[in-house]
Structures are given as C-alpha cells and as structure tokens.
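**Student:** So here's work-v4.txt, just compact mmCIF, C-alpha atoms and all ligand atoms:
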```
# COMPACT_ATOMS: atom_id res chain seq x y z
CA MET A 1 -30.12 4.21 -6.26
CA SER A 2 -31.56 2.22 -9.17
CA GLY A 3 -34.12 -0.10 -7.53
CA ASP A 4 -32.16 -1.47 -4.59
CA LYS A 5 -28.82 -1.31 -6.37
CA VAL A 6 -26.06 1.25 -5.89
CA ARG A 7 -25.21 2.83 -9.25
CA LEU A 8 -21.45 2.78 -9.82
CA ASN A 9 -19.24 4.64 -12.30
CA THR A 10 -15.51 4.01 -12.44
CA GLU A 11 -12.93 5.89 -14.47
CA TRP A 12 -9.17 5.61 -14.85
CA LEU A 13 -6.88 8.57 -15.23
CA CYS A 14 -3.08 8.44 -15.55
CA ASP A 15 -2.30 4.98 -14.17
CA CYS A 16 -1.15 1.44 -14.94
CA GLY A 17 -4.63 -0.13 -14.97
CA GLY A 18 -3.78 -2.31 -11.96
CA CYS A 19 -6.41 -0.80 -9.69
CA HIS A 20 -9.19 -1.56 -12.16
CA VAL A 21 -7.90 -5.10 -12.54
CA ALA A 22 -7.95 -5.36 -8.71
CA ILE A 23 -11.63 -4.33 -8.63
CA VAL A 24 -12.68 -7.04 -11.10
CA ASP A 25 -10.27 -9.52 -9.46
CA LEU A 26 -12.34 -10.03 -6.30
CA HIS A 27 -12.84 -13.68 -7.35
CA GLU A 28 -16.13 -15.13 -6.11
CA LYS A 29 -16.77 -12.03 -4.01
CA ILE A 30 -17.39 -10.08 -7.24
CA LEU A 31 -20.72 -11.98 -7.39
CA GLN A 32 -21.75 -10.53 -4.02
CA VAL A 33 -20.74 -7.08 -5.27
CA VAL A 34 -22.75 -7.25 -8.51
CA GLU A 35 -25.82 -8.45 -6.60
CA ASN A 36 -25.93 -5.05 -4.95
CA ILE A 37 -24.14 -2.74 -7.36
CA GLU A 38 -25.12 -1.76 -10.90
CA ILE A 39 -21.90 -1.14 -12.81
CA GLN A 40 -22.87 1.61 -15.28
CA LYS A 41 -19.45 2.73 -16.48
CA CYS A 42 -16.17 0.90 -16.02
CA PRO A 43 -13.36 1.07 -18.62
CA VAL A 44 -12.47 -2.64 -18.27
CA LEU A 45 -16.08 -3.89 -18.39
CA THR A 46 -18.23 -1.44 -20.38
CA ASP A 47 -17.90 0.76 -23.45
CA VAL A 48 -19.67 3.84 -22.07
CA LYS A 49 -18.07 7.11 -23.10
CA ASP A 50 -20.20 9.61 -21.20
CA TYR A 51 -20.76 9.95 -17.45
CA PRO A 52 -24.18 8.74 -16.22
CA GLU A 53 -25.63 10.01 -12.91
CA ALA A 54 -24.34 7.63 -10.20
CA ASP A 55 -24.38 7.04 -6.45
CA VAL A 56 -20.69 6.14 -6.26
CA GLY A 57 -17.76 7.07 -8.46
CA ILE A 58 -14.40 5.30 -8.22
CA LEU A 59 -11.45 7.21 -9.66
CA THR A 60 -8.12 5.45 -10.15
CA GLY A 61 -4.94 7.15 -11.30
CA SER A 62 -3.75 10.72 -11.01
CA ILE A 63 -4.06 13.82 -13.16
CA ARG A 64 -1.38 14.34 -15.79
CA THR A 65 -3.33 15.31 -18.92
CA GLU A 66 -6.21 17.55 -19.95
CA HIS A 67 -8.27 14.38 -20.40
CA ASP A 68 -7.61 13.30 -16.80
CA ARG A 69 -8.68 16.71 -15.48
CA HIS A 70 -11.87 16.73 -17.57
CA ALA A 71 -12.74 13.14 -16.58
CA ALA A 72 -12.25 13.84 -12.85
CA GLU A 73 -14.45 16.96 -13.05
CA GLU A 74 -17.20 15.09 -14.93
CA MET A 75 -17.13 12.25 -12.39
CA ARG A 76 -17.45 14.78 -9.55
CA LYS A 77 -20.46 16.43 -11.23
CA LYS A 78 -22.28 13.13 -11.81
CA CYS A 79 -21.41 11.01 -8.73
CA LYS A 80 -22.76 11.62 -5.23
CA THR A 81 -19.74 10.00 -3.56
CA ILE A 82 -16.23 9.98 -5.01
CA ILE A 83 -13.60 7.45 -3.89
CA ALA A 84 -9.94 8.15 -4.62
CA PHE A 85 -8.97 4.53 -5.25
CA GLY A 86 -5.33 3.44 -5.18
CA THR A 87 -2.12 5.23 -4.37
CA CYS A 88 -2.00 7.08 -7.71
CA ALA A 89 -5.38 8.68 -7.01
CA VAL A 90 -4.62 9.46 -3.37
CA TYR A 91 -0.97 10.58 -3.52
CA GLY A 92 -0.03 10.82 -7.20
CA GLY A 93 1.63 7.40 -7.22
CA LEU A 94 4.84 6.09 -8.70
CA HIS A 95 4.84 8.41 -11.71
CA GLY A 96 4.83 11.39 -9.32
CA ALA A 97 8.62 11.11 -9.67
CA GLY A 98 8.10 12.98 -12.92
CA LEU A 99 8.15 16.19 -10.87
CA ALA A 100 11.94 15.99 -10.97
CA HIS A 101 11.92 16.42 -14.77
CA THR A 102 10.31 18.64 -17.40
CA SER A 103 7.64 17.20 -19.70
CA GLU A 104 10.09 17.56 -22.63
CA GLU A 105 12.75 15.52 -20.79
CA ILE A 106 10.22 12.77 -20.09
CA MET A 107 8.94 12.66 -23.69
CA ASP A 108 12.51 12.63 -25.03
CA TYR A 109 13.54 9.87 -22.63
CA VAL A 110 10.58 7.67 -23.54
CA TYR A 111 10.46 8.28 -27.30
CA LYS A 112 14.11 8.96 -28.16
CA THR A 113 16.31 7.22 -25.58
CA THR A 114 14.75 4.18 -23.91
CA PRO A 115 15.75 1.14 -26.04
CA THR A 116 12.44 -0.68 -25.59
CA THR A 117 10.17 2.29 -26.39
CA LYS A 118 12.11 4.65 -28.64
CA THR A 119 10.61 5.51 -32.00
CA ASP A 120 10.86 8.22 -34.62
CA PHE A 121 7.43 9.48 -33.66
CA ILE A 122 6.90 11.85 -30.73
CA PRO A 123 3.21 12.56 -29.97
CA ASP A 124 2.32 16.23 -30.40
CA SER A 125 2.03 17.94 -27.02
CA ASP A 126 -1.16 19.70 -28.21
CA ILE A 127 -2.78 16.31 -28.71
CA THR A 128 -1.67 14.70 -25.44
CA GLY A 129 -2.26 17.85 -23.35
CA LEU A 130 0.46 16.68 -20.96
CA GLU A 131 0.43 18.79 -17.80
CA HIS A 132 3.62 19.95 -16.14
CA VAL A 133 3.41 17.62 -13.11
CA VAL A 134 1.34 14.76 -11.73
CA THR A 135 -1.49 15.92 -9.45
CA PRO A 136 -3.39 13.77 -6.91
CA ILE A 137 -7.13 14.07 -7.58
CA ASP A 138 -8.11 15.87 -4.36
CA GLU A 139 -6.04 18.83 -5.46
CA VAL A 140 -8.51 19.20 -8.38
CA ILE A 141 -11.91 17.93 -7.11
CA ASP A 142 -13.46 17.18 -3.71
CA VAL A 143 -12.97 13.57 -2.57
CA ASP A 144 -15.25 11.78 -0.08
CA LEU A 145 -13.29 8.58 0.62
CA TYR A 146 -9.66 7.54 0.21
CA LEU A 147 -8.47 3.98 -0.38
CA PRO A 148 -4.70 3.93 -0.98
CA GLY A 149 -2.78 0.81 -2.00
CA CYS A 150 -0.96 -0.16 -5.18
CA PRO A 151 -3.42 -1.67 -5.71
CA PRO A 152 -5.43 -1.95 -2.46
CA HIS A 153 -5.77 -5.56 -1.24
CA ALA A 154 -9.05 -7.34 -2.15
CA HIS A 155 -9.89 -7.44 1.59
CA PHE A 156 -10.05 -3.62 1.74
CA ILE A 157 -11.77 -3.26 -1.65
CA PHE A 158 -14.54 -5.65 -0.64
CA GLU A 159 -14.95 -4.02 2.76
CA SER A 160 -15.19 -0.55 1.18
CA LEU A 161 -17.74 -1.58 -1.45
CA SER A 162 -19.79 -3.53 1.14
CA ALA A 163 -19.81 -0.52 3.49
CA LEU A 164 -21.06 1.75 0.73
CA VAL A 165 -23.86 -0.68 -0.15
CA GLU A 166 -24.82 -1.00 3.53
CA GLY A 167 -24.56 2.76 4.14
CA ARG A 168 -21.92 2.49 6.88
CA THR A 169 -18.37 3.74 7.35
CA PRO A 170 -15.75 1.27 6.01
CA LYS A 171 -13.70 -0.56 8.65
CA ALA A 172 -10.15 0.43 7.81
CA GLY A 173 -7.68 0.78 10.68
CA GLN A 174 -4.58 2.91 10.87
CA ASP A 175 -2.10 0.09 11.48
CA THR A 176 1.27 0.16 9.77
CA VAL A 177 2.57 -2.66 7.59
CA CYS A 178 4.68 -3.75 10.61
CA ALA A 179 1.46 -4.79 12.40
CA GLY A 180 0.97 -7.61 9.88
CA CYS A 181 4.65 -8.50 9.50
CA LYS A 182 5.88 -11.70 11.13
CA ARG A 183 9.48 -10.46 11.52
CA THR A 184 10.75 -9.33 14.92
CA MET A 185 12.69 -6.16 15.60
CA LYS A 186 15.80 -6.81 17.69
CA LYS A 187 19.04 -5.01 18.51
CA THR A 188 22.01 -6.12 16.41
CA GLU A 189 25.65 -5.20 15.82
CA VAL A 190 25.03 -4.43 12.13
CA ALA A 191 27.15 -1.38 11.25
CA GLU A 192 26.41 -0.75 7.56
CA ILE A 193 23.37 -0.28 5.34
CA VAL A 194 22.86 -3.30 3.06
CA ASN A 195 21.45 -2.81 -0.44
CA SER A 196 18.30 -4.77 -1.22
CA GLN A 197 20.05 -6.86 -3.88
CA ASP A 198 22.95 -7.84 -1.59
CA GLY A 199 23.12 -10.86 0.69
CA ILE A 200 20.26 -13.00 1.94
CA ALA A 201 18.28 -11.63 4.85
CA GLU A 202 17.29 -13.85 7.79
CA ASP A 203 13.63 -14.89 7.58
CA ASP A 204 12.32 -13.96 11.01
CA VAL A 205 14.28 -10.80 11.86
CA CYS A 206 13.15 -7.28 10.93
CA PHE A 207 14.90 -5.95 7.84
CA LEU A 208 15.87 -2.77 9.71
CA SER A 209 17.75 -4.85 12.31
CA GLN A 210 19.69 -6.46 9.44
CA GLY A 211 20.65 -3.15 7.79
CA TYR A 212 18.10 -3.19 4.97
CA ILE A 213 15.82 -0.17 4.50
CA CYS A 214 12.21 -1.29 4.96
CA LEU A 215 9.38 1.27 4.94
CA GLY A 216 6.85 -0.94 6.76
CA SER A 217 6.85 1.21 9.90
CA VAL A 218 5.99 4.39 7.96
CA THR A 219 3.42 2.82 5.62
CA LEU A 220 -0.33 2.46 6.14
CA ASP A 221 -1.49 -1.16 5.95
CA ARG A 222 -3.81 -1.53 2.98
CA CYS A 223 -2.14 -4.73 1.76
CA LEU A 224 -1.85 -7.20 4.71
CA ALA A 225 1.97 -7.03 4.56
CA PRO A 226 2.75 -9.47 1.72
CA CYS A 227 6.24 -8.19 0.98
CA PRO A 228 8.09 -8.51 4.31
CA ASN A 229 6.32 -11.83 4.91
CA HIS A 230 7.73 -13.13 1.61
CA GLY A 231 11.28 -11.88 1.99
CA ILE A 232 11.00 -8.46 0.33
CA MET A 233 11.45 -5.05 1.95
CA CYS A 234 8.34 -2.82 1.99
CA THR A 235 8.80 0.10 -0.41
CA GLY A 236 5.79 2.00 0.90
CA CYS A 237 3.42 1.51 -2.03
CA ALA A 238 0.29 2.10 0.09
CA GLY A 239 1.52 5.54 1.09
CA PRO A 240 2.55 7.11 4.40
CA THR A 241 0.96 6.63 7.82
CA MET A 242 -1.50 9.19 9.20
CA GLN A 243 1.17 10.37 11.65
CA ILE A 244 3.53 11.29 8.83
CA LEU A 245 0.77 12.94 6.82
CA SER A 246 -0.56 15.01 9.69
CA GLU A 247 2.61 16.04 11.58
CA PRO A 248 4.65 18.64 9.65
CA ASN A 249 7.96 17.55 11.15
CA HIS A 250 7.46 13.81 10.81
CA ASP A 251 8.99 12.45 7.64
CA ILE A 252 9.70 9.06 6.08
CA ARG A 253 13.47 9.35 6.33
CA THR A 254 13.56 10.76 9.86
CA GLU A 255 11.18 8.11 11.23
CA VAL A 256 12.98 5.20 9.56
CA SER A 257 16.45 6.45 10.48
CA GLU A 258 15.56 6.89 14.17
CA ARG A 259 14.11 3.39 14.37
CA MET A 260 16.95 1.75 12.44
CA ALA A 261 19.65 3.61 14.42
CA ARG A 262 18.11 2.29 17.66
CA LEU A 263 18.14 -1.29 16.32
CA THR A 264 21.65 -1.28 14.79
CA LYS A 265 25.05 0.43 15.11
CA ILE A 266 24.34 2.56 12.03
CA ASP A 267 24.41 6.29 12.62
CA LYS A 268 21.09 8.12 12.07
CA ASP A 269 22.61 10.77 9.78
CA THR A 270 24.13 8.05 7.59
CA ILE A 271 20.69 6.52 7.10
CA ILE A 272 19.10 9.91 6.35
CA SER A 273 21.78 10.68 3.79
CA HIS A 274 21.35 7.23 2.17
CA MET A 275 17.58 7.75 1.88
CA GLU A 276 17.94 11.25 0.42
CA LYS A 277 20.35 9.89 -2.19
CA SER A 278 17.78 7.27 -3.21
CA ALA A 279 14.75 9.55 -2.84
CA LYS A 280 13.18 8.35 -6.09
CA THR A 281 12.94 4.91 -4.48
CA HIS A 282 12.03 5.80 -0.92
CA TYR A 283 9.58 8.60 -1.75
CA ALA A 284 8.37 7.02 -4.98
CA TYR A 285 4.68 6.72 -4.26
CA ALA A 286 3.79 9.95 -2.48
CA MET A 287 6.25 12.58 -3.63
CA ALA A 288 3.62 14.33 -5.80
CA THR A 289 1.25 15.13 -2.95
CA LYS A 290 1.44 18.52 -1.25
CA MET A 291 1.03 16.75 2.11
CA ILE A 292 4.55 15.40 1.59
CA GLY A 293 6.01 17.98 -0.77
CA ASN A 294 5.24 20.95 1.48
CA LYS A 295 6.93 19.56 4.58
CA PRO A 296 9.50 21.99 6.00
CA THR A 297 12.20 19.31 5.95
CA PHE A 298 11.50 18.17 2.44
CA LEU A 299 13.86 19.00 -0.42
CA ILE A 300 13.22 16.08 -2.73
CA GLN A 301 13.76 17.93 -6.00
CA GLN A 302 17.13 19.13 -4.70
CA TRP A 303 18.15 15.61 -3.56
CA ILE A 304 17.27 14.12 -6.94
CA ALA A 305 19.00 16.95 -8.84
CA ASP A 306 22.18 16.46 -6.75
CA VAL A 307 22.26 12.71 -7.46
CA GLU A 308 21.68 13.24 -11.17
CA ALA A 309 24.41 15.90 -11.27
CA GLY A 310 26.77 13.38 -9.65
CA LYS A 311 27.22 15.37 -6.43
S1 LIG A 401 -2.08 2.66 -7.51
FE1 LIG A 401 -0.63 1.16 -8.34
S2 LIG A 401 -1.92 -0.47 -9.18
FE2 LIG A 401 -3.21 1.35 -8.90
S3 LIG A 401 -3.16 2.37 -10.89
FE3 LIG A 401 -1.56 3.29 -9.60
S4 LIG A 401 0.33 2.15 -10.14
FE4 LIG A 401 -1.42 0.95 -10.86
S1 LIG A 402 10.17 -2.56 9.38
FE1 LIG A 402 9.67 -4.04 7.75
S2 LIG A 402 10.64 -5.97 8.35
FE2 LIG A 402 10.58 -4.63 10.16
S3 LIG A 402 8.72 -5.23 11.24
FE3 LIG A 402 8.21 -3.50 9.92
S4 LIG A 402 7.49 -4.42 7.99
FE4 LIG A 402 8.55 -6.01 9.15
S1 LIG A 403 4.24 -4.49 2.03
FE1 LIG A 403 4.73 -2.37 1.43
S2 LIG A 403 5.46 -2.53 -0.71
FE2 LIG A 403 4.42 -4.46 -0.19
S3 LIG A 403 2.30 -4.21 -0.90
FE3 LIG A 403 2.36 -3.56 1.26
S4 LIG A 403 2.75 -1.34 1.24
FE4 LIG A 403 3.25 -2.15 -0.79
```
With the file now loaded, output its structure as structure tokens.
**Tutor:**
Amino acid sequence: MSGDKVRLNTEWLCDCGGCHVAIVDLHEKILQVVENIEIQKCPVLTDVKDYPEADVGILTGSIRTEHDRHAAEEMRKKCKTIIAFGTCAVYGGLHGAGLAHTSEEIMDYVYKTTPTTKTDFIPDSDITGLEHVVTPIDEVIDVDLYLPGCPPHAHFIFESLSALVEGRTPKAGQDTVCAGCKRTMKKTEVAEIVNSQDGIAEDDVCFLSQGYICLGSVTLDRCLAPCPNHGIMCTGCAGPTMQILSEPNHDIRTEVSERMARLTKIDKDTIISHMEKSAKTHYAYAMATKMIGNKPTFLIQQWIADVEAGK
C-alpha cells in the first residue's frame, strides 16, 4: 500500500484493448476507484515502461509473443495479487482459434490475402517473436483471481476493484447467462436448426426453443445477459460455466444439444454435428485453454480441419 491507497499496475498482452477501455469506462464510479487506488502503470493512462512494485496487477489479453510472456512474468514478480482480467486472459479468447493454423498461415492470410490488411511488407518473425499458439496466462504464471468477460461488465469490474480495496472476496456468483435472460424456455414443434441470420425470432421465447443455437445456458454470467435480452443469441464470450470447466465429460455441444433436443423436435446428434461444423464460432472464446482442449470428447482441431477440407 502507498499511504491508504492500493497500488495498481495494469498491462495488456495480445488483445483488442477492449478490457482496458472497460476499466477506464466505469463512468462516475471511476472517481470512487481512484480515491482508493493509485494507478501506477496502465497502458491507456500512463507512459510507464517498467514494472513498479504494486499491490494489485491486472493482466488483460493472452500470450502470443515473446513480449507478452516477458510482460506477464514481470507483472508476476512485481505484483502481490494478479488478476486475469477478461476472457483473453482467462481462456485465451477469440484469437485462440489460431490454434487451427500455423503462424505462417496466419501471417500470410493477414499480410498477403485479406483485402483490407494486405501489404507488401511482412514483419520479420524474429522481431515479432510470434509463438506457435495462444496461451492463457495461468499456463505461464500463477494467477490469484479470474474475471472473465469480453469485456467484463462494469458491475463486475467495480465489485472486484472494491473488494480488493476493502480486503474481501469479490461477490461473483456462478449463474449462467440464462439467469438474467427474460426469455422463457418452452417445448415447441421446431424441427430444424435456424441460422442466426435467418428469420426473426420471437421476443419472449428462448432461442433454443425456436431452433437457434444460444450458448447462454453454458456461459458464466459476467455480463448481465445483454445479448439475449436485445434479440441476439449468446455466443459465450464470458467463457464456460464452472460445471463445464470442472467435469471432464461435460462439454458445450453436449450440454446445448441435450437441452435443445428436449425443447424441440431436433435430434441431439444433429445439433452436435452442427456445432462441431461451426466449432470456430461455438468454441471461439475458450478453445485455447487446456481445461477445454484436454477434454476426452474434444477434437476441435479435427472438426475445423474437416470443414476447411470440405468434408
Ligand atoms: S476479453 Fe474481449 S474485450 Fe477483453 S481484450 Fe479480449 S477480445 Fe478484447
Ligand atoms: S438459452 Fe439463451 S435465449 Fe434461452 S434462456 Fe438461456 S440465454 Fe435466454
Ligand atoms: S450474453 Fe453471451 S455473448 Fe453476450 S455479452 Fe454475455 S456472454 Fe457475451
């Protein structure tokens, strides 16, 4: 502590920057935070290159480069408590899908193929130090607290920071997104899976009952369910529930397919097959973590390879 204030370092690794924006986007509550927290290092607020000794360190993003690995290790050395903040830090995040491709394929796609980013210049791999796959931070350093979410909702950010200042455990339940969703699950005669871009879903009925894949029931609530309450299926951006993480035979596709098959006339195996064929969508946020990747039922690299080979 510095006086009565908690000394805070934050650092971003491989990420989109959204989690750092979420921290400084607490609106008037940021004033309550800065009353009690001394922000020593924060890439969006300070220009501090080294890593001062701190009480709390917030790490956003995952590890994909030598720089990320070095930064995470320095933060661990200098901060008493490390928070893995955001889904990238906790599970690898959206760019974990890179595990289905080599680094060369990714660099070629970005710098030679994609119309909006292609250029004659490809950064030298010695300079970027790009690692082979995305790694969640707790596979490299010890983590004390986890706050998934893409980004986490301001409600959970404020609660976590307040708890740290007050020296108590943050209040964060284990509800699923369904707990905050206003839609009702009901049995229907729906016989086919509907793609998200097709048709207009009814407002008050669960997406699963209407044939749309929604991951709310397999996703931890760190967002207060904005998507299903505004007409959009949950894509699981806050990461899986504790049940899925802790039970080797529980999996996103098996849980969703069982629930959806009970609500509709769609066969469970049809739903499983559909989700495997769109694994990059339905496993997008957590496929890089060993907690998901090491499941006995999990063959995500094979599913993606089959789709890309046109099988
Ligand atoms: S968790 Fe989401 S918002 Fe946060 S850095 Fe990763 S992609 Fe961005
Ligand atoms: S599965 Fe989706 S639509 Fe259905 S209750 Fe859960 S969050 Fe709402
Ligand atoms: S409802 Fe689902 S997709 Fe939307 S913010 Fe929450 S976890 Fe993410």
**Student:** Which distance in Å separates atom CA of Pro228 of chain A and atom CA of Tyr285 of chain A, to one decimal?
**Tutor:**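 Distance reported for this atom pair: 17.8 Å.
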**Student:** Work out how far atom CA of Gly231 of chain A is from atom CA of Ile23 of chain A, in Å to one decimal.
**Tutor:**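 Separation between atom CA of Ile23 of chain A and atom CA of Gly231 of chain A: 26.4 Å.
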**Student:** Could you please give me, as a list in words, the residues of protein, DNA or RNA lying at most 12 Å from (4.7, 24.5, -16.5) in the coordinate frame of the file, considering only C-alpha atoms?
**Tutor:**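 Nearby residues: Arg64, Leu99, His101, Thr102, Ser103, Glu104, Gly129, Leu130, Glu131, His132, Val133 and Val134 of chain A.
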**Student:** Could the residues that lie within 8 Å of ligand LIG 402 (chain A), counting only C-alpha atoms and all ligand atoms, be listed as a ChimeraX atom specification?
**Tutor:** /A:176-185,205-209,213-217,225,228-229,233-234
**Student:** Could you give me the residues within 8 Å of ligand LIG 403 (chain A), counting only C-alpha atoms and all ligand atoms, as a PyMOL selection string?
**Tutor:** chain A and resi 149-151+177+215-216+219-228+232-239
**Student:** Give me, as a PDB file with C-alpha atoms, in the frame of the given file, the set of residues whose atoms come within 6 Å of any atom of ligand LIG 401 (chain A), counting only C-alpha atoms and all ligand atoms.
**Tutor:**
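Wrote it out as out_28.pdb, contents follow:
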```
ATOM      1  CA  ASP A  15      -2.300   4.980 -14.170  1.00  0.00           C
ATOM      2  CA  CYS A  16      -1.150   1.440 -14.940  1.00  0.00           C
ATOM      3  CA  GLY A  17      -4.630  -0.130 -14.970  1.00  0.00           C
ATOM      4  CA  GLY A  18      -3.780  -2.310 -11.960  1.00  0.00           C
ATOM      5  CA  CYS A  19      -6.410  -0.800  -9.690  1.00  0.00           C
ATOM      6  CA  THR A  60      -8.120   5.450 -10.150  1.00  0.00           C
ATOM      7  CA  GLY A  61      -4.940   7.150 -11.300  1.00  0.00           C
ATOM      8  CA  GLY A  86      -5.330   3.440  -5.180  1.00  0.00           C
ATOM      9  CA  THR A  87      -2.120   5.230  -4.370  1.00  0.00           C
ATOM     10  CA  CYS A  88      -2.000   7.080  -7.710  1.00  0.00           C
ATOM     11  CA  GLY A  93       1.630   7.400  -7.220  1.00  0.00           C
ATOM     12  CA  GLY A 149      -2.780   0.810  -2.000  1.00  0.00           C
ATOM     13  CA  CYS A 150      -0.960  -0.160  -5.180  1.00  0.00           C
ATOM     14  CA  PRO A 151      -3.420  -1.670  -5.710  1.00  0.00           C
TER      15      PRO A 151
END
```
**Student:** Env of segment 165-167 of chain A: 12 Å cut, atoms = all atoms listed in the file, seq-sep filter 2 positions within chain, self excluded. Answer as a CSV table (one decimal) with C-alpha atoms, in the coordinates of the input.
**Tutor:**
```
chain,number,residue,atom,x,y,z
A,1,MET,CA,-30.1,4.2,-6.3
A,4,ASP,CA,-32.2,-1.5,-4.6
A,5,LYS,CA,-28.8,-1.3,-6.4
A,6,VAL,CA,-26.1,1.2,-5.9
A,7,ARG,CA,-25.2,2.8,-9.2
A,8,LEU,CA,-21.4,2.8,-9.8
A,32,GLN,CA,-21.8,-10.5,-4.0
A,33,VAL,CA,-20.7,-7.1,-5.3
A,34,VAL,CA,-22.8,-7.2,-8.5
A,35,GLU,CA,-25.8,-8.4,-6.6
A,36,ASN,CA,-25.9,-5.0,-5.0
A,37,ILE,CA,-24.1,-2.7,-7.4
A,38,GLU,CA,-25.1,-1.8,-10.9
A,55,ASP,CA,-24.4,7.0,-6.4
A,56,VAL,CA,-20.7,6.1,-6.3
A,81,THR,CA,-19.7,10.0,-3.6
A,158,PHE,CA,-14.5,-5.6,-0.6
A,159,GLU,CA,-15.0,-4.0,2.8
A,160,SER,CA,-15.2,-0.6,1.2
A,161,LEU,CA,-17.7,-1.6,-1.4
A,162,SER,CA,-19.8,-3.5,1.1
A,163,ALA,CA,-19.8,-0.5,3.5
A,169,THR,CA,-18.4,3.7,7.4
A,170,PRO,CA,-15.8,1.3,6.0
```
**Student:** What's the 6 Å shell around Gly92 of chain A, counting only C-alpha atoms, without same-chain residues fewer than 4 positions away, as a list of chain:residue names?
**Tutor:**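 Residues meeting the cut-off are A:Ser62, A:Cys88, A:Gly96, A:Thr135, A:Pro136, A:Ala288.
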**Student:** Output as CSV one row per residue of segment 123-223 of chain A within 9 Å of segment 71-80 of chain A: the closest atom pair and its distance in Å to one decimal place, counting only C-alpha atoms, sorted by chain and residue number ascending.
**Tutor:**
```
residue,atom,partner,partner_atom,distance
A:Ile137,CA,A:Ala72,CA,7.4
A:Val140,CA,A:Glu73,CA,7.9
A:Ile141,CA,A:Glu73,CA,6.5
A:Asp142,CA,A:Arg76,CA,7.5
A:Val143,CA,A:Arg76,CA,8.4
```
**Student:** Save out the residues we just selected, C-alpha atoms, as a short mmCIF file (atom, residue, chain, number, x, y, z; two decimals), in the coordinates of the input.
**Tutor:**
```cif
data_model
loop_
_atom_site.label_atom_id
_atom_site.label_comp_id
_atom_site.auth_asym_id
_atom_site.auth_seq_id
_atom_site.Cartn_x
_atom_site.Cartn_y
_atom_site.Cartn_z
CA ILE A 137 -7.13 14.07 -7.58
CA VAL A 140 -8.51 19.20 -8.38
CA ILE A 141 -11.91 17.93 -7.11
CA ASP A 142 -13.46 17.18 -3.71
CA VAL A 143 -12.97 13.57 -2.57
#
```
**Student:** Got a sec: who's within 6 Å of Ala84 of chain A, counting all atoms listed in the file, leaving out chain neighbours fewer than 6 positions off, as a list in words?
**Tutor:**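 Using all atoms listed in the file, the neighbours found are Leu59, Val90 and Tyr146 of chain A.
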**Student:** Looking at all atoms listed in the file, which of A:Thr281, A:Thr289, A:Gln174, A:Asn9 is the one that sits closest to Trp303 of chain A?
**Tutor:**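 Among the listed residues, the smallest separation from Trp303 of chain A belongs to A:Thr281.
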**Student:** Can you give me N, CA, C and O atoms for segment 25-39 of chain A, written as a PDB file, keeping the file's coordinate frame?
**Tutor:**
```pdb
ATOM      1  N   ASP A  25     -10.979  -8.306  -9.871  1.00  0.00           N
ATOM      2  CA  ASP A  25     -10.270  -9.520  -9.460  1.00  0.00           C
ATOM      3  C   ASP A  25     -10.636  -9.918  -8.029  1.00  0.00           C
ATOM      4  O   ASP A  25      -9.813 -10.430  -7.288  1.00  0.00           O
ATOM      5  N   LEU A  26     -11.908  -9.664  -7.660  1.00  0.00           N
ATOM      6  CA  LEU A  26     -12.340 -10.030  -6.300  1.00  0.00           C
ATOM      7  C   LEU A  26     -12.736 -11.502  -6.215  1.00  0.00           C
ATOM      8  O   LEU A  26     -13.273 -11.950  -5.220  1.00  0.00           O
ATOM      9  N   HIS A  27     -12.491 -12.262  -7.282  1.00  0.00           N
ATOM     10  CA  HIS A  27     -12.840 -13.680  -7.350  1.00  0.00           C
ATOM     11  C   HIS A  27     -14.333 -13.871  -7.075  1.00  0.00           C
ATOM     12  O   HIS A  27     -15.130 -13.078  -7.516  1.00  0.00           O
ATOM     13  N   GLU A  28     -14.688 -14.858  -6.264  1.00  0.00           N
ATOM     14  CA  GLU A  28     -16.130 -15.130  -6.110  1.00  0.00           C
ATOM     15  C   GLU A  28     -16.860 -13.986  -5.399  1.00  0.00           C
ATOM     16  O   GLU A  28     -18.076 -13.846  -5.522  1.00  0.00           O
ATOM     17  N   LYS A  29     -16.099 -13.129  -4.713  1.00  0.00           N
ATOM     18  CA  LYS A  29     -16.770 -12.030  -4.010  1.00  0.00           C
ATOM     19  C   LYS A  29     -17.342 -11.002  -5.001  1.00  0.00           C
ATOM     20  O   LYS A  29     -18.210 -10.214  -4.642  1.00  0.00           O
ATOM     21  N   ILE A  30     -16.845 -11.000  -6.243  1.00  0.00           N
ATOM     22  CA  ILE A  30     -17.390 -10.080  -7.240  1.00  0.00           C
ATOM     23  C   ILE A  30     -18.884 -10.352  -7.428  1.00  0.00           C
ATOM     24  O   ILE A  30     -19.669  -9.451  -7.709  1.00  0.00           O
ATOM     25  N   LEU A  31     -19.294 -11.630  -7.224  1.00  0.00           N
ATOM     26  CA  LEU A  31     -20.720 -11.980  -7.390  1.00  0.00           C
ATOM     27  C   LEU A  31     -21.562 -11.286  -6.320  1.00  0.00           C
ATOM     28  O   LEU A  31     -22.656 -10.799  -6.593  1.00  0.00           O
ATOM     29  N   GLN A  32     -21.029 -11.242  -5.081  1.00  0.00           N
ATOM     30  CA  GLN A  32     -21.750 -10.530  -4.020  1.00  0.00           C
ATOM     31  C   GLN A  32     -21.843  -9.038  -4.336  1.00  0.00           C
ATOM     32  O   GLN A  32     -22.840  -8.389  -4.067  1.00  0.00           O
ATOM     33  N   VAL A  33     -20.759  -8.505  -4.941  1.00  0.00           N
ATOM     34  CA  VAL A  33     -20.740  -7.080  -5.270  1.00  0.00           C
ATOM     35  C   VAL A  33     -21.795  -6.779  -6.335  1.00  0.00           C
ATOM     36  O   VAL A  33     -22.600  -5.854  -6.180  1.00  0.00           O
ATOM     37  N   VAL A  34     -21.814  -7.583  -7.417  1.00  0.00           N
ATOM     38  CA  VAL A  34     -22.750  -7.250  -8.510  1.00  0.00           C
ATOM     39  C   VAL A  34     -24.211  -7.510  -8.144  1.00  0.00           C
ATOM     40  O   VAL A  34     -25.116  -6.999  -8.779  1.00  0.00           O
ATOM     41  N   GLU A  35     -24.446  -8.289  -7.087  1.00  0.00           N
ATOM     42  CA  GLU A  35     -25.820  -8.450  -6.600  1.00  0.00           C
ATOM     43  C   GLU A  35     -26.384  -7.125  -6.111  1.00  0.00           C
ATOM     44  O   GLU A  35     -27.581  -6.868  -6.178  1.00  0.00           O
ATOM     45  N   ASN A  36     -25.489  -6.286  -5.590  1.00  0.00           N
ATOM     46  CA  ASN A  36     -25.930  -5.050  -4.950  1.00  0.00           C
ATOM     47  C   ASN A  36     -25.531  -3.783  -5.673  1.00  0.00           C
ATOM     48  O   ASN A  36     -25.944  -2.695  -5.299  1.00  0.00           O
ATOM     49  N   ILE A  37     -24.666  -3.919  -6.675  1.00  0.00           N
ATOM     50  CA  ILE A  37     -24.140  -2.740  -7.360  1.00  0.00           C
ATOM     51  C   ILE A  37     -24.426  -2.859  -8.857  1.00  0.00           C
ATOM     52  O   ILE A  37     -24.177  -3.908  -9.460  1.00  0.00           O
ATOM     53  N   GLU A  38     -24.927  -1.795  -9.444  1.00  0.00           N
ATOM     54  CA  GLU A  38     -25.120  -1.760 -10.900  1.00  0.00           C
ATOM     55  C   GLU A  38     -23.927  -1.012 -11.499  1.00  0.00           C
ATOM     56  O   GLU A  38     -23.759   0.196 -11.280  1.00  0.00           O
ATOM     57  N   ILE A  39     -23.080  -1.758 -12.217  1.00  0.00           N
ATOM     58  CA  ILE A  39     -21.900  -1.140 -12.810  1.00  0.00           C
ATOM     59  C   ILE A  39     -22.314  -0.464 -14.120  1.00  0.00           C
ATOM     60  O   ILE A  39     -22.591  -1.128 -15.113  1.00  0.00           O
TER      61      ILE A  39
END
```
